[in-house]
Amino acid sequence: MKRRNFLLGGGALIALGGAYALAANSGNLKVDLSKRTALKMPPLLDTTNSGKLNLTAQSGKTAFFENMVSDTIGFNQSYLGPTIRMKNGALQAEVNNELRNPVTVHWHGLLVPGEHDGGPHIPIMSGESWMPQMQINQQPATAFYHTHIHGRTASDVYAGLGGIIHVTDDRDEDRAIPSEYGVDDLTMVIQDRRFTSRGQLSYDLSMMDAMHGFTADTILVNGQVNAVASVPKGIVRLRLINGSNARIYTLSADDDRSLHLIATDGGYLDKPRAIDTLRLSPGERAELLVDFGNGNSMTMISAGDPNTGPGGMMGRVRGVIDNVVDRSFVVMPFVVDERLPAEFAALPDQLNGDEPNLENKEIAVRQFSLDMNTGSGGMMGGGMMGGGMMSNMGINGQSFDMSRMDLSIKLGTVEKWIVSTSMLAHPFHIHGVAFQVLSENSGKPKPESIGWKDTVVVDGVTELLVKFDMPASQENPFMYHCHILEHEDRGMMGQFIVS
């Protein structure tokens, strides 16, 4: 059985189908570290002392490959944005837009009211600013911020408008978990991107791309191609964020060492859980502890995207393909550098995270069907990197309409949401809430679905218990949608008020 390896440092860069791909190294997952550069962390923007946050959406030039420059956009830099560190309390934010087109900043994972959520009803026009006076009040967590203009979310996030948030209580030392940013606490934004034969970022959306979401053949971590992470000889914390438009990763260690899950979207678990694989869909976050105490290197790999297969095959057909073809690929190699300080040599026994227990508290039950075709059509992907005419998608037979309110929910209540799909696996995200995954396809939730969540993979039928503790008005409602960004832009989204 041969592995498909499309990102190996020792491979030769070749033009393949109009996009850059890296040739396989004799059908294995070995990595030539001599061809890789050191992984960099996003700049750290620490607001914990000032209580002030300033972001600017701007255009720029980014060289993903040497001497090959792409037009990109980002927050405070040319591509992606800084890691924002914040704590509970008042946060005075200012977001400026220096781009030609409108943007928003959706605080994906922050529990804030609809007027501060940054959804599509709160556009920041070119040359203007948005200055929400926010109040942060939630458990420590890793969150995600990105633009959310309806119809151009996919193309603009792809071009760079996204970044990471660390909500902290400064008690990680007490929990005996690493917290030294960029040393033993690594933030990793995982993305897949396509490049032209000239090494320029490309978002050339085909009908198949629109159907299963835009996936690509080159892996970026923190905006870098072919990077390697240096880690201390001890316990290392990995904050993993799926910043891809559509690709679902199934991550594991190439040497089969255990990964220890300590947090999901909404914060810490009660104790670390040893896992072999981690499924991570667009918009999901997970935190792992990995033991490098034996001094051995490790490569993080992923299985193929469950929604796609060779030749563009999609959906449940991929199960047959995956029994024959191993589509594993390299995400990031890690090497131990004994010069780096290792603060912890053992895993903690307890984290004392606040895990949800919402069973039997729901006052209503709602059904949601994620529909691949509602029968209508329109433009999508009209952002920085292009787009075209596509048929619409929807939820419960209706494509998203900014002027239609889909749900009205009572503040302070819990509801059971039963979300289903008959085609593809869809990451389902709800704004402004935290939820408990009750079941997945009538079984227990997967390890990555435990804890407080705001995004979950729906591949069949998933039951959620959703807690509505933040208000949202008719003018500034919350969204619920598929986080495959092409599906969201094509209408697989609804909106609701909480009052």
# chains A, B, ... in the order shown; residues from 1 in each chain; ligands from 1
>>> closest_atom_pairs(of="segment 241-298 of chain A", to="segment 333-339 of chain A", cutoff="6 Å", atoms="only C-alpha atoms", output="JSON lines")
{"residue": "A:Gly295", "atom": "CA", "partner": "A:Val336", "partner_atom": "CA", "distance": 5.8}
{"residue": "A:Ser297", "atom": "CA", "partner": "A:Val335", "partner_atom": "CA", "distance": 4.5}
{"residue": "A:Met298", "atom": "CA", "partner": "A:Phe334", "partner_atom": "CA", "distance": 5.2}
>>> write_last_selection(atoms="C-alpha atoms", output="PDB file, in the first residue's frame")
ATOM      1  CA  GLY A 295      14.302  13.119  23.135  1.00  0.00           C
ATOM      2  CA  SER A 297      11.501  13.556  17.146  1.00  0.00           C
ATOM      3  CA  MET A 298       7.927  13.141  15.935  1.00  0.00           C
TER       4      MET A 298
END
>>> select_by_dssp(residues="segment 44-219 of chain A", states="strand (DSSP E)", output="compact mmCIF listing (two decimals) with C-alpha atoms, in the first residue's frame")
# COMPACT_ATOMS: atom_id res chain seq x y z
CA LEU A 44 1.68 38.01 20.34
CA LEU A 45 -0.73 40.88 21.03
CA ASP A 46 -1.20 40.86 24.81
CA LYS A 52 -7.26 47.46 24.74
CA LEU A 53 -7.16 45.73 21.37
CA ASN A 54 -6.32 47.31 18.01
CA LEU A 55 -6.63 45.41 14.73
CA THR A 56 -6.32 46.68 11.17
CA ALA A 57 -7.42 44.72 8.12
CA GLN A 58 -4.79 45.45 5.48
CA SER A 59 -3.40 44.21 2.19
CA GLY A 60 0.16 43.05 1.67
CA LYS A 61 2.61 40.78 -0.11
CA THR A 62 3.58 37.34 1.21
CA ALA A 63 6.35 35.06 -0.08
CA PHE A 64 5.19 31.52 0.67
CA PHE A 65 8.06 30.29 -1.52
CA MET A 68 7.59 34.05 -5.28
CA VAL A 69 5.27 36.76 -3.93
CA SER A 70 1.48 36.58 -3.51
CA ASP A 71 -1.06 39.33 -2.93
CA THR A 72 -2.59 38.61 0.49
CA ILE A 73 -4.59 40.25 3.27
CA GLY A 74 -4.32 40.04 7.03
CA PHE A 75 -4.82 41.74 10.37
CA THR A 83 -2.32 35.85 18.52
CA ILE A 84 -4.51 37.94 20.83
CA ARG A 85 -4.07 37.21 24.53
CA MET A 86 -6.97 38.39 26.70
CA GLY A 89 -13.03 41.77 32.16
CA ALA A 90 -13.49 44.86 30.02
CA LEU A 91 -11.93 44.86 26.56
CA GLN A 92 -11.98 47.99 24.43
CA ALA A 93 -11.55 46.86 20.83
CA GLU A 94 -10.92 48.93 17.72
CA VAL A 95 -10.96 47.32 14.30
CA ASN A 96 -9.95 49.44 11.29
CA ASN A 97 -10.52 48.50 7.67
CA HIS A 106 -16.28 37.45 14.17
CA TRP A 107 -14.91 36.33 17.54
CA HIS A 108 -15.40 32.61 16.92
CA SER A 129 -13.71 51.48 12.16
CA TRP A 130 -15.70 49.33 14.58
CA GLN A 133 -16.81 47.86 24.22
CA MET A 134 -16.66 44.18 25.12
CA GLN A 135 -16.92 42.28 28.37
CA ILE A 136 -15.08 38.95 28.41
CA ALA A 141 -9.85 28.72 25.92
CA THR A 142 -8.31 28.96 22.47
CA ALA A 143 -10.60 30.86 20.08
CA PHE A 144 -10.49 31.97 16.46
CA TYR A 145 -11.22 35.34 14.84
CA HIS A 146 -11.98 35.88 11.15
CA GLY A 162 -8.01 35.20 10.36
CA GLY A 163 -6.14 34.80 13.64
CA ILE A 164 -6.10 33.18 17.07
CA ILE A 165 -7.23 34.19 20.57
CA HIS A 166 -5.93 32.90 23.89
CA VAL A 167 -8.36 33.54 26.75
CA ASP A 185 3.20 26.31 24.29
CA LEU A 186 2.86 26.30 20.49
CA THR A 187 -0.02 27.85 18.55
CA MET A 188 -0.51 26.14 15.18
CA VAL A 189 -2.95 27.37 12.55
CA ILE A 190 -3.25 24.52 10.03
CA GLN A 191 -4.37 25.40 6.50
CA ASP A 192 -4.26 23.92 3.02
CA ARG A 193 -3.65 26.20 0.06
CA ARG A 194 -3.17 26.01 -3.72
CA PHE A 195 -0.45 27.83 -5.63
CA LEU A 201 -1.72 31.86 -3.85
CA SER A 202 -4.69 30.70 -5.92
CA THR A 218 -0.01 22.27 0.10
CA ILE A 219 -0.10 22.45 3.89
>>> atom_distance(atom1="atom CA of Lys467 of chain A", atom2="atom CA of Trp417 of chain A")
10.6 Å
>>> atom_distance(atom1="atom CA of Asp469 of chain A", atom2="atom CA of Ala434 of chain A")
8.7 Å
>>> residues_around(residues="Asn441 of chain A", least_positions_apart="4", cutoff="8 Å", atoms="only C-alpha atoms", output="list in words")
Asp459, Gly460, Val461 and Thr462 of chain A
>>> write_last_selection(atoms="N, CA, C and O atoms", output="PDB file, in the first residue's frame")
ATOM      1  N   ASP A 459     -21.768  14.087  10.680  1.00  0.00           N
ATOM      2  CA  ASP A 459     -21.620  13.100   9.601  1.00  0.00           C
ATOM      3  C   ASP A 459     -22.664  12.017   9.830  1.00  0.00           C
ATOM      4  O   ASP A 459     -22.366  10.912  10.259  1.00  0.00           O
ATOM      5  N   GLY A 460     -23.905  12.367   9.572  1.00  0.00           N
ATOM      6  CA  GLY A 460     -25.043  11.520   9.896  1.00  0.00           C
ATOM      7  C   GLY A 460     -25.993  12.320  10.753  1.00  0.00           C
ATOM      8  O   GLY A 460     -26.593  13.297  10.293  1.00  0.00           O
ATOM      9  N   VAL A 461     -26.131  11.946  12.037  1.00  0.00           N
ATOM     10  CA  VAL A 461     -27.015  12.653  12.967  1.00  0.00           C
ATOM     11  C   VAL A 461     -26.250  12.948  14.258  1.00  0.00           C
ATOM     12  O   VAL A 461     -25.678  12.042  14.869  1.00  0.00           O
ATOM     13  N   THR A 462     -26.239  14.210  14.653  1.00  0.00           N
ATOM     14  CA  THR A 462     -25.571  14.634  15.891  1.00  0.00           C
ATOM     15  C   THR A 462     -26.568  15.382  16.756  1.00  0.00           C
ATOM     16  O   THR A 462     -27.289  16.264  16.275  1.00  0.00           O
TER      17      THR A 462
END
>>> closest_residue(among="A:Ala342, A:Val330, A:Ala154, A:Val419", to="Val458 of chain A", atoms="only C-alpha atoms")
A:Val419
>>> closest_residue(among="A:Glu475, A:Leu370, A:Leu358, A:Val105", to="Val437 of chain A", atoms="only C-alpha atoms")
A:Leu358
